[in-house]
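S.K.: Quick one: this structure, given as structure tokens, is what I'll be asking you about.
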Amino acid sequence: METLHETIRTLRNQLRLAMNGVTATSMREKGLRYKLNFGVSYPEIKAIARQHEPNATLAHALWAEDCRELKILATLLQPAETFLPEEALRWIAEAPYPEIVELLSKHLLARLPYVEELIATAYDRTDLPFGRATAFLLQAERLKNRLSLSTPLTEKMITNALQTIGSEANLFEQRAALQVLRFYGRADAQQAAHLLAWFHQQLTRQPAHSLWKDLYNDLKFEFDN
């Protein structure tokens, strides 16, 4: 049986074999400055993860590494049932880039038994750089999988999402906000009508603002089809 050190070494070797230097260079040029980035594609990382058993000790060791692929593997190999709330908040705080936030939310956080409590906390923790974006992504995952949302969380989601879209928030957070609203509108015709009414109201107030017009037209087209 491999030791922790041996397993990490095996993973590093597997990543080296799948390394894509062109992709790694492109990511670095776009500002993703990890200490180590193999440029391995997402499907290949998932294939490597399937060769290893989920293990909390291993996942925490991988997450501590300043390496893109090892952090992604950590989100795939950490068992949800043993992941504590304080650990979830720490990983959200430590996630370095949007890609990691998205995969952390999809692979691990969305499967936690206390996910609704985590969403509420993420909305309120203004000290978390990606806190609100994480909350949007988690609620989008639930809507996508046709899981219910509590009324207080739904109201919080709409308030925060509309506020984010109409503000100067970072592009990643705005994209996450729009994503959750899309899933929310797709889920129910009445919900879609409510969102469209709000966007139309903003368009009426600011007719020269192309943002509201574009969003209204995009959402109306999507909800009508």
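Please note that chains go A, B, ... in the order of the structure tokens, that every chain numbers its residues from 1, and that ligands are numbered from 1 in the order shown.
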Find the residues near range 2-16 of chain A: any atom within 8 Å, counting only C-alpha atoms, skip ones fewer than 3 places away on the same chain, and give them as a list in words.
M.R.: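 With the cut-off at 8 Å, the set is Met19, Phe38, Val40, Ile45, Ile48, Leu58, Leu62 and Glu69 of chain A.
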S.K.: Can you write out the residues you just picked, keeping all heavy atoms, as a compact mmCIF listing (two decimals), in the first residue's frame?
M.R.:
# COMPACT_ATOMS: atom_id res chain seq x y z
N MET A 19 1.05 16.31 -19.47
CA MET A 19 1.34 17.75 -19.50
C MET A 19 1.16 18.36 -20.89
O MET A 19 1.49 17.75 -21.90
CB MET A 19 2.77 17.98 -19.02
CG MET A 19 3.17 19.43 -18.94
SD MET A 19 4.82 19.62 -18.20
CE MET A 19 4.99 21.40 -18.19
N PHE A 38 0.61 22.13 -14.96
CA PHE A 38 0.95 21.18 -16.02
C PHE A 38 0.13 21.41 -17.29
O PHE A 38 0.41 20.82 -18.32
CB PHE A 38 0.72 19.74 -15.54
CG PHE A 38 1.65 19.30 -14.44
CD1 PHE A 38 1.24 19.32 -13.12
CD2 PHE A 38 2.94 18.86 -14.73
CE1 PHE A 38 2.09 18.90 -12.11
CE2 PHE A 38 3.80 18.45 -13.72
CZ PHE A 38 3.37 18.47 -12.40
N VAL A 40 -2.84 20.38 -17.85
CA VAL A 40 -3.58 19.16 -18.16
C VAL A 40 -5.07 19.48 -18.32
O VAL A 40 -5.63 20.27 -17.54
CB VAL A 40 -3.38 18.10 -17.06
CG1 VAL A 40 -4.17 16.82 -17.38
CG2 VAL A 40 -1.90 17.78 -16.90
N ILE A 45 -7.70 15.15 -16.05
CA ILE A 45 -7.59 15.22 -14.59
C ILE A 45 -8.63 14.31 -13.95
O ILE A 45 -8.34 13.58 -12.99
CB ILE A 45 -7.75 16.67 -14.09
CG1 ILE A 45 -6.62 17.55 -14.61
CG2 ILE A 45 -7.79 16.72 -12.56
CD1 ILE A 45 -6.80 19.03 -14.33
N ILE A 48 -7.54 10.71 -14.18
CA ILE A 48 -6.51 10.40 -13.19
C ILE A 48 -7.16 10.21 -11.82
O ILE A 48 -6.81 9.29 -11.07
CB ILE A 48 -5.44 11.51 -13.15
CG1 ILE A 48 -4.61 11.49 -14.44
CG2 ILE A 48 -4.54 11.36 -11.92
CD1 ILE A 48 -3.66 12.67 -14.59
N LEU A 58 -5.28 12.66 1.85
CA LEU A 58 -4.66 12.93 0.55
C LEU A 58 -5.20 14.24 -0.03
O LEU A 58 -4.43 15.07 -0.52
CB LEU A 58 -4.94 11.77 -0.41
CG LEU A 58 -4.52 11.98 -1.88
CD1 LEU A 58 -3.01 12.21 -1.98
CD2 LEU A 58 -4.96 10.79 -2.73
N LEU A 62 -3.10 17.57 -1.12
CA LEU A 62 -3.11 18.07 -2.50
C LEU A 62 -3.56 19.53 -2.55
O LEU A 62 -3.01 20.34 -3.30
CB LEU A 62 -4.04 17.22 -3.36
CG LEU A 62 -3.65 15.75 -3.55
CD1 LEU A 62 -4.72 15.01 -4.34
CD2 LEU A 62 -2.30 15.63 -4.25
N GLU A 69 -3.46 21.47 -11.02
CA GLU A 69 -4.03 20.13 -11.16
C GLU A 69 -4.21 19.42 -9.82
O GLU A 69 -5.20 18.71 -9.60
CB GLU A 69 -3.16 19.29 -12.09
CG GLU A 69 -3.22 19.68 -13.55
CD GLU A 69 -2.40 20.92 -13.89
OE1 GLU A 69 -1.62 21.38 -13.01
OE2 GLU A 69 -2.50 21.42 -15.01
S.K.: Identify, with DSSP run on backbone atoms, the residues in range 83-156 of chain A assigned to helix (DSSP H, G or I), and express the list as a ChimeraX atom specification.
M.R.: /A:85-94,98-107,109-111,115-124,131-144,151-156
S.K.: Range 98-175 of chain A near range 79-93 of chain A within 8 Å: what's each residue's closest atom pair and its distance in Å to one decimal, counting only C-alpha atoms, ordered by chain then ascending residue number, as JSON lines?
M.R.:
{"residue": "A:Val101", "atom": "CA", "partner": "A:Ile92", "partner_atom": "CA", "distance": 7.0}
{"residue": "A:Leu108", "atom": "CA", "partner": "A:Ala80", "partner_atom": "CA", "distance": 6.1}
{"residue": "A:Leu109", "atom": "CA", "partner": "A:Ala88", "partner_atom": "CA", "distance": 7.2}
{"residue": "A:Arg111", "atom": "CA", "partner": "A:Ala80", "partner_atom": "CA", "distance": 6.3}
{"residue": "A:Leu112", "atom": "CA", "partner": "A:Ala80", "partner_atom": "CA", "distance": 5.5}
{"residue": "A:Pro113", "atom": "CA", "partner": "A:Glu81", "partner_atom": "CA", "distance": 7.5}
{"residue": "A:Tyr114", "atom": "CA", "partner": "A:Pro85", "partner_atom": "CA", "distance": 7.8}
{"residue": "A:Leu118", "atom": "CA", "partner": "A:Pro85", "partner_atom": "CA", "distance": 7.3}
{"residue": "A:Ala122", "atom": "CA", "partner": "A:Leu89", "partner_atom": "CA", "distance": 7.9}
{"residue": "A:Leu128", "atom": "CA", "partner": "A:Ala93", "partner_atom": "CA", "distance": 5.4}
{"residue": "A:Pro129", "atom": "CA", "partner": "A:Ala93", "partner_atom": "CA", "distance": 6.9}
{"residue": "A:Phe130", "atom": "CA", "partner": "A:Ile92", "partner_atom": "CA", "distance": 7.0}
{"residue": "A:Gly131", "atom": "CA", "partner": "A:Ile92", "partner_atom": "CA", "distance": 7.0}
{"residue": "A:Thr134", "atom": "CA", "partner": "A:Ile92", "partner_atom": "CA", "distance": 7.7}
S.K.: Can I get the selection written as a PDB file, in the first residue's frame, with N, CA and C atoms?
M.R.:
ATOM      1  N   VAL A 101     -12.680  27.742  -8.016  1.00  0.00           N
ATOM      2  CA  VAL A 101     -13.948  27.995  -7.307  1.00  0.00           C
ATOM      3  C   VAL A 101     -15.076  27.194  -7.961  1.00  0.00           C
ATOM      4  N   LEU A 108     -17.473  19.193  -4.903  1.00  0.00           N
ATOM      5  CA  LEU A 108     -17.486  18.939  -3.466  1.00  0.00           C
ATOM      6  C   LEU A 108     -18.560  19.709  -2.703  1.00  0.00           C
ATOM      7  N   LEU A 109     -18.546  21.029  -2.783  1.00  0.00           N
ATOM      8  CA  LEU A 109     -19.420  21.820  -1.931  1.00  0.00           C
ATOM      9  C   LEU A 109     -20.902  21.541  -2.196  1.00  0.00           C
ATOM     10  N   ARG A 111     -22.283  18.866  -2.836  1.00  0.00           N
ATOM     11  CA  ARG A 111     -22.676  17.547  -2.312  1.00  0.00           C
ATOM     12  C   ARG A 111     -22.699  17.503  -0.788  1.00  0.00           C
ATOM     13  N   LEU A 112     -22.366  18.607  -0.140  1.00  0.00           N
ATOM     14  CA  LEU A 112     -22.293  18.609   1.321  1.00  0.00           C
ATOM     15  C   LEU A 112     -23.697  18.581   1.929  1.00  0.00           C
ATOM     16  N   PRO A 113     -23.876  17.848   3.026  1.00  0.00           N
ATOM     17  CA  PRO A 113     -25.210  17.774   3.653  1.00  0.00           C
ATOM     18  C   PRO A 113     -25.674  19.106   4.226  1.00  0.00           C
ATOM     19  N   TYR A 114     -24.745  20.002   4.485  1.00  0.00           N
ATOM     20  CA  TYR A 114     -25.085  21.304   5.060  1.00  0.00           C
ATOM     21  C   TYR A 114     -24.944  22.421   4.022  1.00  0.00           C
ATOM     22  N   LEU A 118     -24.155  26.575   4.203  1.00  0.00           N
ATOM     23  CA  LEU A 118     -22.927  27.094   3.605  1.00  0.00           C
ATOM     24  C   LEU A 118     -23.229  28.228   2.629  1.00  0.00           C
ATOM     25  N   ALA A 122     -21.845  31.975   2.901  1.00  0.00           N
ATOM     26  CA  ALA A 122     -21.030  32.529   1.813  1.00  0.00           C
ATOM     27  C   ALA A 122     -21.572  33.877   1.343  1.00  0.00           C
ATOM     28  N   LEU A 128     -14.693  36.975   2.116  1.00  0.00           N
ATOM     29  CA  LEU A 128     -14.330  35.908   1.174  1.00  0.00           C
ATOM     30  C   LEU A 128     -14.339  36.479  -0.244  1.00  0.00           C
ATOM     31  N   PRO A 129     -13.193  36.535  -0.918  1.00  0.00           N
ATOM     32  CA  PRO A 129     -13.127  37.135  -2.255  1.00  0.00           C
ATOM     33  C   PRO A 129     -14.132  36.535  -3.245  1.00  0.00           C
ATOM     34  N   PHE A 130     -14.335  35.210  -3.149  1.00  0.00           N
ATOM     35  CA  PHE A 130     -15.257  34.538  -4.062  1.00  0.00           C
ATOM     36  C   PHE A 130     -16.491  34.019  -3.331  1.00  0.00           C
ATOM     37  N   GLY A 131     -16.800  34.600  -2.172  1.00  0.00           N
ATOM     38  CA  GLY A 131     -17.907  34.104  -1.362  1.00  0.00           C
ATOM     39  C   GLY A 131     -19.247  34.158  -2.066  1.00  0.00           C
ATOM     40  N   THR A 134     -19.436  31.902  -5.087  1.00  0.00           N
ATOM     41  CA  THR A 134     -19.603  30.508  -4.674  1.00  0.00           C
ATOM     42  C   THR A 134     -21.057  30.214  -4.336  1.00  0.00           C
TER      43      THR A 134
END
S.K.: When you look at Tyr123 in chain A with a cut-off of 9 Å (counting only C-alpha atoms), what residues show up, excluding the ones that are within fewer than 5 positions of it in the same chain? I need them as a list of chain:residue names.
M.R.: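 So, after excluding close chain neighbours, the residues are A:Leu118, A:Gly131, A:Arg132, A:Ala133, A:Thr134, A:Ala135, A:Phe136, A:Lys156, A:Met157, A:Asn160.
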S.K.: Write a file of the selected residues as a JSON list (two decimals), in the first residue's frame, keeping C-alpha atoms.
M.R.:
[["chain", "number", "residue", "atom", "x", "y", "z"],
["A", 118, "LEU", "CA", -22.93, 27.09, 3.61],
["A", 131, "GLY", "CA", -17.91, 34.10, -1.36],
["A", 132, "ARG", "CA", -20.92, 35.48, -3.22],
["A", 133, "ALA", "CA", -19.86, 33.85, -6.50],
["A", 134, "THR", "CA", -19.60, 30.51, -4.67],
["A", 135, "ALA", "CA", -23.12, 30.95, -3.28],
["A", 136, "PHE", "CA", -24.46, 31.65, -6.78],
["A", 156, "LYS", "CA", -31.39, 36.10, -0.80],
["A", 157, "MET", "CA", -30.24, 34.72, -4.15],
["A", 160, "ASN", "CA", -27.85, 39.42, -4.34]]
S.K.: At a cut-off of 12 Å, using only C-alpha atoms, what residues contact Asn20 in chain A? Leave out same-chain residues fewer than 6 positions from it and give the result as a list in words.
M.R.: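 The residues satisfying every condition are Ser26, Met27, Asn37, Phe38, Gly39, Val40, Ser41, Tyr42, Glu44 and Glu69 of chain A.
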S.K.: CA of Leu215 in chain A and CA of Ala192 in chain A are how many Å apart?
M.R.: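 If I compute the distance from CA of Leu215 in chain A to CA of Ala192 in chain A, I get 12.9 Å.
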S.K.: Which residues, written as a list in words, have at least one atom at most 10 Å from Tyr97 in chain A, with only C-alpha atoms counted and residues fewer than 3 positions away on the same chain left out?
M.R.: Gly31, Leu32, Arg33, Tyr34, Arg68, Glu94, Ile100, Val101, Glu102, Pro129, Phe130 and Phe172 of chain A
S.K.: Between CA of Ala176 in chain A and CA of Leu138 in chain A, what is the distance in Å, rounded to a tenth?
M.R.: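 Computing it gives 9.6 Å between the two atoms.
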S.K.: In Å to one decimal, how far is CA of Thr75 in chain A from CA of Glu53 in chain A?
M.R.: 12.7 Å
S.K.: Quick one: everything within 9 Å of Glu141 in chain A, counting only C-alpha atoms, minus sequence neighbours fewer than 5 positions away in the same chain. Send it as a ChimeraX atom specification.
M.R.: /A:105-106,110,136,146-147,180,183
S.K.: Let me make sure I understand: among A:Leu196, A:Ile72, A:Ala56, A:Ile119, which one has the smallest atom-to-atom distance to Leu137 in chain A if we use only C-alpha atoms?
M.R.: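 Checking each candidate against Leu137 in chain A, we get A:Ile119 as the closest.
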S.K.: Which of these, A:Arg186, A:Trp212, A:Phe223, A:Ala61, has the shortest distance to Asn145 in chain A once you count only C-alpha atoms?
M.R.: A:Arg186
S.K.: Would you kindly return, as a PyMOL selection string, each protein, DNA or RNA residue with an atom no farther than 7 Å from any atom of Phe199 in chain A, considering only C-alpha atoms and excluding same-chain residues fewer than 4 positions away?
M.R.: chain A and resi 195+203+212+216
S.K.: Go through A:Asn170, A:Gln163, A:Thr151, A:Gln179 and flag the residue nearest Gln202 in chain A, using only C-alpha atoms for the distances.
M.R.: A:Gln163
